[in-house]
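Taking it in order: structure first as structure tokens, then the write-up.
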Amino acid sequence: MKLGMVGLGRMGGNMTERLLDDGHELVVYDPDSEAVGVLVKKGASPAGSLAELVEQLESPRTVWVMVPAGDITEKTVNDLVELLDEGDTLIDGGNSNYKESQRRAERAGASGVDFLDSGTSGGVWGLANGYCLTVGGNRAAYDRNRPIFTTLAPTESDGSLYVGPSGSGHYTKMIHNGVEYGMMQAFAEGFELLAAKTDFDLDLGAIAENWRRGSVIRSWLLDLIADELEREPTLESLSSYVDDSGEGRWTVDASIELAVPAPVITAALQVRFRSRQVDPLGGKMLAAMRRGFGGHAVKKSGE
């Protein structure tokens with residue numbers, strides 16, 4: 001059975017390559033012809049459009065979509081639902097909002113197409129290490145496509161998991177990313193505190209390496225910290241600007257909607273907002289109030 005892959009960006013391209021390495025037959029499409037060409041050299045069949053991709057697949061077809069969340073996902077899914085037939089499967093492996101995935105599953109289902117939402121974690125290391133997948137949707141469709149999920153999962157464990165009905169795969173991945181925000185912020189604060197104790201002159205790289213082995217907080221994130229500190233001990237080339245890709249916001253939205261407190265994740269998201277502000281008004285307001293009620297000295301802009 002040939003699998004259709006739509007979206008050959010960094011993660012989509014790596015996933016396609018991993019599937020090809022395991023012997024899967026793939027038809028690939030991306031507006032970037034160069035990305036298509038790279039995977040054709042590795043054994044994939046090219047398609048010049050979504051319609052051409054679907055035509056090259058045998059029923060029951062499976063098409064995996066790996067495009068950015070938002071309008072492009074909406075258009076791609078809608079176009080594919082029109083092209084696919086009853087009994088085919090459409091998988092969204094991107095970071096879509098789970099509510100959008102529920103809506104898309106309902107629309108696809110009205111045409112007899114099974115829609116699976118697959119939360120996908122693994123980043124740039126997924127090609128070598130495999131991807132952790134959490135899949136929601138029709139269980140029979142999941143079972144039918146399980147060889148694909150098994151190939152993409154880490155070899156030493158079952159990194160693919162059927163978690164429940166439509167939307168649950170992306171909801172689980174959303175919470176995963178919220179937890180990630182909190183863990184990253186805790187590490188960032190901890191290392192900043194280590195560096196701030198200047199009279200100890202602590203070697204952050206050596207401490208990271210020490211913590212990686214046997215400590216309670218050893219983790220892949222700590223491995224990455226150690227690697228980055230070895231490459232650039234002071235991180236001087238980096239800005240403190242930190243973006244967010246949406247899942248943290250959705251996680252905080254869910255905590256409010258469900259009335260389930262998530263103070264660590266919420267605070268981590270707020271810190272990212274603050275990191276992107278230059279000389280924010282809130283800090284000026286604090287200084288103004290201290291000056292007003294206590295006559296405290298303040299710093300003028302530019303000092």
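Labeling convention for the structure tokens: chains A, B, ... as they appear, residues from 1 per chain, ligands from 1 in order of appearance.
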
Find the spatial neighbours of region 45-60 of chain A, counting only C-alpha atoms, within a cut-off of 8 Å - ignore same-chain residues fewer than 4 positions away - and output them as a ChimeraX atom specification. /A:1-4,6,26-30,36-37,40,79-80,83-84,87-89

Output of the above residues as a short mmCIF file (atom, residue, chain, number, x, y, z; two decimals), in the first residue's frame, restricted to N, CA and C atoms:
data_model
loop_
_atom_site.label_atom_id
_atom_site.label_comp_id
_atom_site.auth_asym_id
_atom_site.auth_seq_id
_atom_site.Cartn_x
_atom_site.Cartn_y
_atom_site.Cartn_z
N MET A 1 0.83 -1.19 0.00
CA MET A 1 0.00 0.00 0.00
C MET A 1 0.87 1.25 0.00
N LYS A 2 0.62 2.17 -0.94
CA LYS A 2 1.34 3.43 -0.98
C LYS A 2 0.67 4.42 -0.04
N LEU A 3 1.51 5.22 0.61
CA LEU A 3 1.04 6.28 1.49
C LEU A 3 1.29 7.62 0.83
N GLY A 4 0.33 8.53 0.91
CA GLY A 4 0.53 9.88 0.42
C GLY A 4 1.01 10.78 1.55
N VAL A 6 1.79 14.81 2.42
CA VAL A 6 1.63 16.19 2.00
C VAL A 6 2.31 17.09 3.02
N LEU A 26 5.87 5.63 -0.97
CA LEU A 26 5.27 6.93 -0.70
C LEU A 26 5.11 7.75 -1.97
N VAL A 27 4.02 8.48 -2.03
CA VAL A 27 3.81 9.52 -3.02
C VAL A 27 3.85 10.84 -2.26
N VAL A 28 4.67 11.79 -2.72
CA VAL A 28 4.88 13.01 -1.95
C VAL A 28 4.49 14.24 -2.75
N TYR A 29 3.95 15.23 -2.01
CA TYR A 29 3.60 16.51 -2.63
C TYR A 29 3.94 17.65 -1.69
N ASP A 30 4.50 18.71 -2.28
CA ASP A 30 4.78 19.94 -1.56
C ASP A 30 4.93 21.03 -2.61
N VAL A 36 10.48 18.13 -2.78
CA VAL A 36 9.99 16.92 -3.44
C VAL A 36 11.15 16.17 -4.08
N GLY A 37 12.02 16.92 -4.78
CA GLY A 37 13.15 16.30 -5.47
C GLY A 37 14.08 15.54 -4.55
N VAL A 40 12.39 12.27 -3.79
CA VAL A 40 12.32 11.42 -4.98
C VAL A 40 13.64 10.66 -5.15
N ASP A 79 -9.61 20.32 0.79
CA ASP A 79 -9.36 19.88 -0.59
C ASP A 79 -9.24 18.36 -0.66
N LEU A 80 -8.56 17.77 0.31
CA LEU A 80 -8.37 16.32 0.29
C LEU A 80 -9.68 15.57 0.56
N LEU A 83 -11.36 15.10 -2.56
CA LEU A 83 -10.69 14.20 -3.50
C LEU A 83 -10.74 12.74 -3.07
N LEU A 84 -10.82 12.49 -1.77
CA LEU A 84 -10.79 11.12 -1.25
C LEU A 84 -12.16 10.47 -1.32
N GLY A 87 -14.03 5.31 2.96
CA GLY A 87 -13.11 4.27 3.38
C GLY A 87 -11.66 4.70 3.39
N ASP A 88 -11.35 5.87 2.81
CA ASP A 88 -9.99 6.39 2.84
C ASP A 88 -9.70 7.03 4.20
N THR A 89 -8.43 7.23 4.49
CA THR A 89 -8.01 7.82 5.76
C THR A 89 -7.19 9.07 5.53
#

For a test of reading the model, state the distance in Å between CA of Tyr162 (chain A) and CA of Val135 (chain A), rounded to one decimal. 4.8 Å

Would you list the contacts of region 252-268 of chain A as number ranges by chain, taking every protein, DNA or RNA residue within 8 Å and counting only C-alpha atoms, but skipping same-chain residues closer than 6 positions in sequence? A: 178-179, 181-182, 185

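Of the listed residues A:Glu100, A:Ala44, A:Leu204, A:Pro165, the one whose atoms come nearest to Asp71 (chain A) is A:Glu100, with distances taken using only C-alpha atoms.
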
Contacts of Leu161 (chain A) within 9 Å, only C-alpha atoms, excl. fewer than 5 positions in-chain, as a ChimeraX atom specification: /A:132-136,149,169

For Lys299 (chain A), work out the shell of residues within 12 Å, counting only C-alpha atoms and skipping chain neighbours fewer than 3 positions away, then give it as a ChimeraX atom specification. /A:283-284,286-288,290-291,296,302-303

CA of Ile148 (chain A) and CA of Arg18 (chain A) are how many Å apart? 10.2 Å

Which residues are close to region 94-99 of chain A, i.e. within 8 Å by only C-alpha atoms, leaving aside same-chain residues fewer than 6 positions away? Reply as a ChimeraX atom specification. /A:65-70,73,118-120,167-171,173-174,247,250

Take the residues from that selection and put them in a file with N, CA and C atoms, as a PDB file, in the first residue's frame.
ATOM      1  N   VAL A  65      -0.941  14.480   6.358  1.00  0.00           N
ATOM      2  CA  VAL A  65      -0.723  15.910   6.151  1.00  0.00           C
ATOM      3  C   VAL A  65       0.189  16.451   7.250  1.00  0.00           C
ATOM      4  N   MET A  66       1.296  17.089   6.845  1.00  0.00           N
ATOM      5  CA  MET A  66       2.224  17.708   7.798  1.00  0.00           C
ATOM      6  C   MET A  66       2.471  19.153   7.379  1.00  0.00           C
ATOM      7  N   VAL A  67       1.485  20.010   7.593  1.00  0.00           N
ATOM      8  CA  VAL A  67       1.606  21.426   7.244  1.00  0.00           C
ATOM      9  C   VAL A  67       1.316  22.262   8.480  1.00  0.00           C
ATOM     10  N   PRO A  68       1.739  23.536   8.494  1.00  0.00           N
ATOM     11  CA  PRO A  68       1.540  24.373   9.687  1.00  0.00           C
ATOM     12  C   PRO A  68       0.066  24.525  10.048  1.00  0.00           C
ATOM     13  N   ALA A  69      -0.195  24.625  11.343  1.00  0.00           N
ATOM     14  CA  ALA A  69      -1.571  24.811  11.817  1.00  0.00           C
ATOM     15  C   ALA A  69      -2.121  26.129  11.312  1.00  0.00           C
ATOM     16  N   GLY A  70      -3.420  26.150  11.041  1.00  0.00           N
ATOM     17  CA  GLY A  70      -4.059  27.388  10.607  1.00  0.00           C
ATOM     18  C   GLY A  70      -4.746  27.235   9.266  1.00  0.00           C
ATOM     19  N   THR A  73      -3.714  24.362   6.840  1.00  0.00           N
ATOM     20  CA  THR A  73      -4.244  23.054   7.207  1.00  0.00           C
ATOM     21  C   THR A  73      -5.713  22.949   6.816  1.00  0.00           C
ATOM     22  N   SER A 118      -3.086  13.158  14.777  1.00  0.00           N
ATOM     23  CA  SER A 118      -1.902  12.569  15.392  1.00  0.00           C
ATOM     24  C   SER A 118      -1.012  13.647  15.987  1.00  0.00           C
ATOM     25  N   GLY A 119      -0.953  13.698  17.309  1.00  0.00           N
ATOM     26  CA  GLY A 119       0.030  14.547  17.960  1.00  0.00           C
ATOM     27  C   GLY A 119       1.403  13.963  17.708  1.00  0.00           C
ATOM     28  N   THR A 120       2.341  14.783  17.261  1.00  0.00           N
ATOM     29  CA  THR A 120       3.646  14.288  16.826  1.00  0.00           C
ATOM     30  C   THR A 120       4.750  15.021  17.561  1.00  0.00           C
ATOM     31  N   GLY A 167      -9.940  14.369  18.062  1.00  0.00           N
ATOM     32  CA  GLY A 167      -9.479  15.512  18.839  1.00  0.00           C
ATOM     33  C   GLY A 167      -8.568  15.133  19.982  1.00  0.00           C
ATOM     34  N   SER A 168      -8.674  13.893  20.462  1.00  0.00           N
ATOM     35  CA  SER A 168      -7.904  13.504  21.655  1.00  0.00           C
ATOM     36  C   SER A 168      -6.407  13.414  21.382  1.00  0.00           C
ATOM     37  N   GLY A 169      -6.030  13.069  20.144  1.00  0.00           N
ATOM     38  CA  GLY A 169      -4.610  12.999  19.824  1.00  0.00           C
ATOM     39  C   GLY A 169      -3.951  14.357  19.900  1.00  0.00           C
ATOM     40  N   HIS A 170      -4.601  15.355  19.311  1.00  0.00           N
ATOM     41  CA  HIS A 170      -4.050  16.708  19.338  1.00  0.00           C
ATOM     42  C   HIS A 170      -4.206  17.351  20.723  1.00  0.00           C
ATOM     43  N   TYR A 171      -5.257  16.975  21.457  1.00  0.00           N
ATOM     44  CA  TYR A 171      -5.403  17.491  22.824  1.00  0.00           C
ATOM     45  C   TYR A 171      -4.256  16.980  23.699  1.00  0.00           C
ATOM     46  N   LYS A 173      -1.280  16.027  22.724  1.00  0.00           N
ATOM     47  CA  LYS A 173      -0.044  16.694  22.309  1.00  0.00           C
ATOM     48  C   LYS A 173      -0.009  18.135  22.824  1.00  0.00           C
ATOM     49  N   MET A 174      -1.161  18.791  22.857  1.00  0.00           N
ATOM     50  CA  MET A 174      -1.237  20.155  23.380  1.00  0.00           C
ATOM     51  C   MET A 174      -0.796  20.193  24.840  1.00  0.00           C
ATOM     52  N   GLU A 247       0.578  26.156  21.231  1.00  0.00           N
ATOM     53  CA  GLU A 247       0.069  25.082  22.079  1.00  0.00           C
ATOM     54  C   GLU A 247       0.034  25.456  23.554  1.00  0.00           C
ATOM     55  N   TRP A 250      -3.113  27.417  24.071  1.00  0.00           N
ATOM     56  CA  TRP A 250      -4.286  26.534  24.057  1.00  0.00           C
ATOM     57  C   TRP A 250      -4.391  25.738  25.357  1.00  0.00           C
TER      58      TRP A 250
END

Taking only C-alpha atoms into account, name the residue in A:Asn210, A:Gly130, A:Glu25, A:Val216 that is nearest to Thr151 (chain A). A:Gly130

If you count only C-alpha atoms, the residue of A:Glu17, A:Leu152, A:Ser157, A:Trp64 closest to Leu116 (chain A) turns out to be A:Trp64

Which residues come within 10 Å of Ala206 (chain A), counting only C-alpha atoms, excluding same-chain residues fewer than 5 positions away, as a PyMOL selection string? chain A and resi 211-212+226+229-230

Picked from region 59-288 of chain A by DSSP as strand (DSSP E or B), as a PyMOL selection string: chain A and resi 62-65+89-92+114-121+132-136+160-164

Region 135-290 of chain A: which residues are helix (DSSP H, G or I) by DSSP, as an mmCIF file with C-alpha atoms, in the first residue's frame?
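Final output, saved to states-v3.cif:
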data_model
loop_
_atom_site.group_PDB
_atom_site.id
_atom_site.type_symbol
_atom_site.label_atom_id
_atom_site.label_comp_id
_atom_site.auth_asym_id
_atom_site.auth_seq_id
_atom_site.Cartn_x
_atom_site.Cartn_y
_atom_site.Cartn_z
ATOM 1 C CA ARG A 139 -10.090 2.993 16.173
ATOM 2 C CA ALA A 140 -10.511 0.793 13.099
ATOM 3 C CA ALA A 141 -8.756 3.409 10.953
ATOM 4 C CA TYR A 142 -5.926 3.571 13.492
ATOM 5 C CA ASP A 143 -5.532 -0.211 13.460
ATOM 6 C CA ARG A 144 -5.593 -0.279 9.660
ATOM 7 C CA ARG A 146 -0.795 0.943 12.499
ATOM 8 C CA PRO A 147 2.207 -0.188 10.384
ATOM 9 C CA ILE A 148 2.794 3.471 9.551
ATOM 10 C CA PHE A 149 2.660 4.532 13.197
ATOM 11 C CA THR A 150 4.895 1.638 14.230
ATOM 12 C CA THR A 151 7.542 2.650 11.696
ATOM 13 C CA LEU A 152 7.556 6.250 12.894
ATOM 14 C CA SER A 168 -7.904 13.504 21.655
ATOM 15 C CA GLY A 169 -4.610 12.999 19.824
ATOM 16 C CA HIS A 170 -4.050 16.708 19.338
ATOM 17 C CA TYR A 171 -5.403 17.491 22.824
ATOM 18 C CA THR A 172 -2.848 15.120 24.361
ATOM 19 C CA LYS A 173 -0.044 16.694 22.309
ATOM 20 C CA MET A 174 -1.237 20.155 23.380
ATOM 21 C CA ILE A 175 -0.910 19.216 27.055
ATOM 22 C CA HIS A 176 2.482 17.638 26.300
ATOM 23 C CA ASN A 177 3.687 20.966 24.927
ATOM 24 C CA GLY A 178 2.275 22.837 27.920
ATOM 25 C CA VAL A 179 4.287 20.572 30.235
ATOM 26 C CA GLU A 180 7.301 21.232 28.028
ATOM 27 C CA TYR A 181 6.884 24.990 28.587
ATOM 28 C CA GLY A 182 6.972 24.508 32.346
ATOM 29 C CA MET A 183 9.993 22.194 32.299
ATOM 30 C CA MET A 184 11.958 24.491 30.023
ATOM 31 C CA GLN A 185 11.221 27.497 32.227
ATOM 32 C CA ALA A 186 12.305 25.659 35.374
ATOM 33 C CA PHE A 187 15.637 24.718 33.796
ATOM 34 C CA ALA A 188 16.131 28.263 32.506
ATOM 35 C CA GLU A 189 15.508 29.770 35.944
ATOM 36 C CA GLY A 190 17.719 27.224 37.673
ATOM 37 C CA PHE A 191 20.719 27.880 35.450
ATOM 38 C CA GLU A 192 20.202 31.627 35.745
ATOM 39 C CA LEU A 193 20.334 31.269 39.530
ATOM 40 C CA LEU A 194 23.544 29.241 39.255
ATOM 41 C CA ALA A 195 25.152 31.917 37.093
ATOM 42 C CA ALA A 196 23.986 34.711 39.394
ATOM 43 C CA THR A 198 29.153 34.942 40.890
ATOM 44 C CA ASP A 199 31.345 34.447 43.958
ATOM 45 C CA PHE A 200 31.139 30.663 43.384
ATOM 46 C CA LEU A 204 27.347 25.616 34.163
ATOM 47 C CA GLY A 205 28.427 23.135 31.519
ATOM 48 C CA ALA A 206 30.066 20.856 34.064
ATOM 49 C CA ILE A 207 26.994 21.027 36.299
ATOM 50 C CA ALA A 208 24.714 20.162 33.380
ATOM 51 C CA GLU A 209 26.891 17.149 32.581
ATOM 52 C CA ASN A 210 26.832 16.106 36.231
ATOM 53 C CA TRP A 211 23.059 16.374 36.488
ATOM 54 C CA TRP A 220 16.461 15.055 27.115
ATOM 55 C CA LEU A 221 16.023 18.785 27.771
ATOM 56 C CA LEU A 222 19.002 18.643 30.139
ATOM 57 C CA ASP A 223 20.968 16.773 27.467
ATOM 58 C CA LEU A 224 20.238 19.624 25.064
ATOM 59 C CA ILE A 225 21.322 22.200 27.665
ATOM 60 C CA ALA A 226 24.630 20.389 28.137
ATOM 61 C CA ASP A 227 25.198 20.236 24.372
ATOM 62 C CA GLU A 228 24.422 23.941 23.924
ATOM 63 C CA LEU A 229 26.678 24.988 26.812
ATOM 64 C CA GLU A 230 29.507 22.908 25.381
ATOM 65 C CA ARG A 231 29.039 24.654 22.031
ATOM 66 C CA GLU A 247 0.069 25.082 22.079
ATOM 67 C CA GLY A 248 0.986 26.744 25.377
ATOM 68 C CA ARG A 249 -1.806 29.290 24.912
ATOM 69 C CA TRP A 250 -4.286 26.534 24.057
ATOM 70 C CA THR A 251 -3.232 24.621 27.176
ATOM 71 C CA VAL A 252 -3.858 27.670 29.361
ATOM 72 C CA ASP A 253 -7.198 28.187 27.605
ATOM 73 C CA ALA A 254 -8.127 24.588 28.454
ATOM 74 C CA SER A 255 -7.185 25.070 32.114
ATOM 75 C CA ILE A 256 -9.528 28.075 32.291
ATOM 76 C CA GLU A 257 -12.294 26.302 30.401
ATOM 77 C CA LEU A 258 -12.068 23.222 32.641
ATOM 78 C CA PRO A 263 -0.025 27.885 37.434
ATOM 79 C CA VAL A 264 3.390 26.640 36.293
ATOM 80 C CA ILE A 265 2.424 26.339 32.625
ATOM 81 C CA THR A 266 0.601 29.676 32.742
ATOM 82 C CA ALA A 267 3.584 31.444 34.317
ATOM 83 C CA ALA A 268 5.952 29.897 31.753
ATOM 84 C CA LEU A 269 3.798 31.229 28.931
ATOM 85 C CA GLN A 270 3.667 34.699 30.500
ATOM 86 C CA VAL A 271 7.464 34.768 30.790
ATOM 87 C CA ARG A 272 7.694 34.164 27.047
ATOM 88 C CA PHE A 273 5.398 37.113 26.447
ATOM 89 C CA ARG A 274 7.595 39.303 28.653
ATOM 90 C CA SER A 275 10.755 38.163 26.850
ATOM 91 C CA LEU A 281 5.058 49.882 30.168
ATOM 92 C CA GLY A 282 4.263 47.593 33.118
ATOM 93 C CA GLY A 283 7.745 48.059 34.572
ATOM 94 C CA LYS A 284 7.514 51.812 34.109
ATOM 95 C CA MET A 285 4.152 51.798 35.889
ATOM 96 C CA LEU A 286 5.665 49.950 38.862
ATOM 97 C CA ALA A 287 8.485 52.494 39.052
ATOM 98 C CA ALA A 288 5.997 55.368 38.817
ATOM 99 C CA MET A 289 3.894 54.011 41.690
ATOM 100 C CA ARG A 290 6.937 53.528 43.926
#

State, in Å with one decimal place, the distance from CA of Ala105 (chain A) to CA of Leu20 (chain A).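 Separating CA of Ala105 (chain A) from CA of Leu20 (chain A) is a distance of 27.6 Å.
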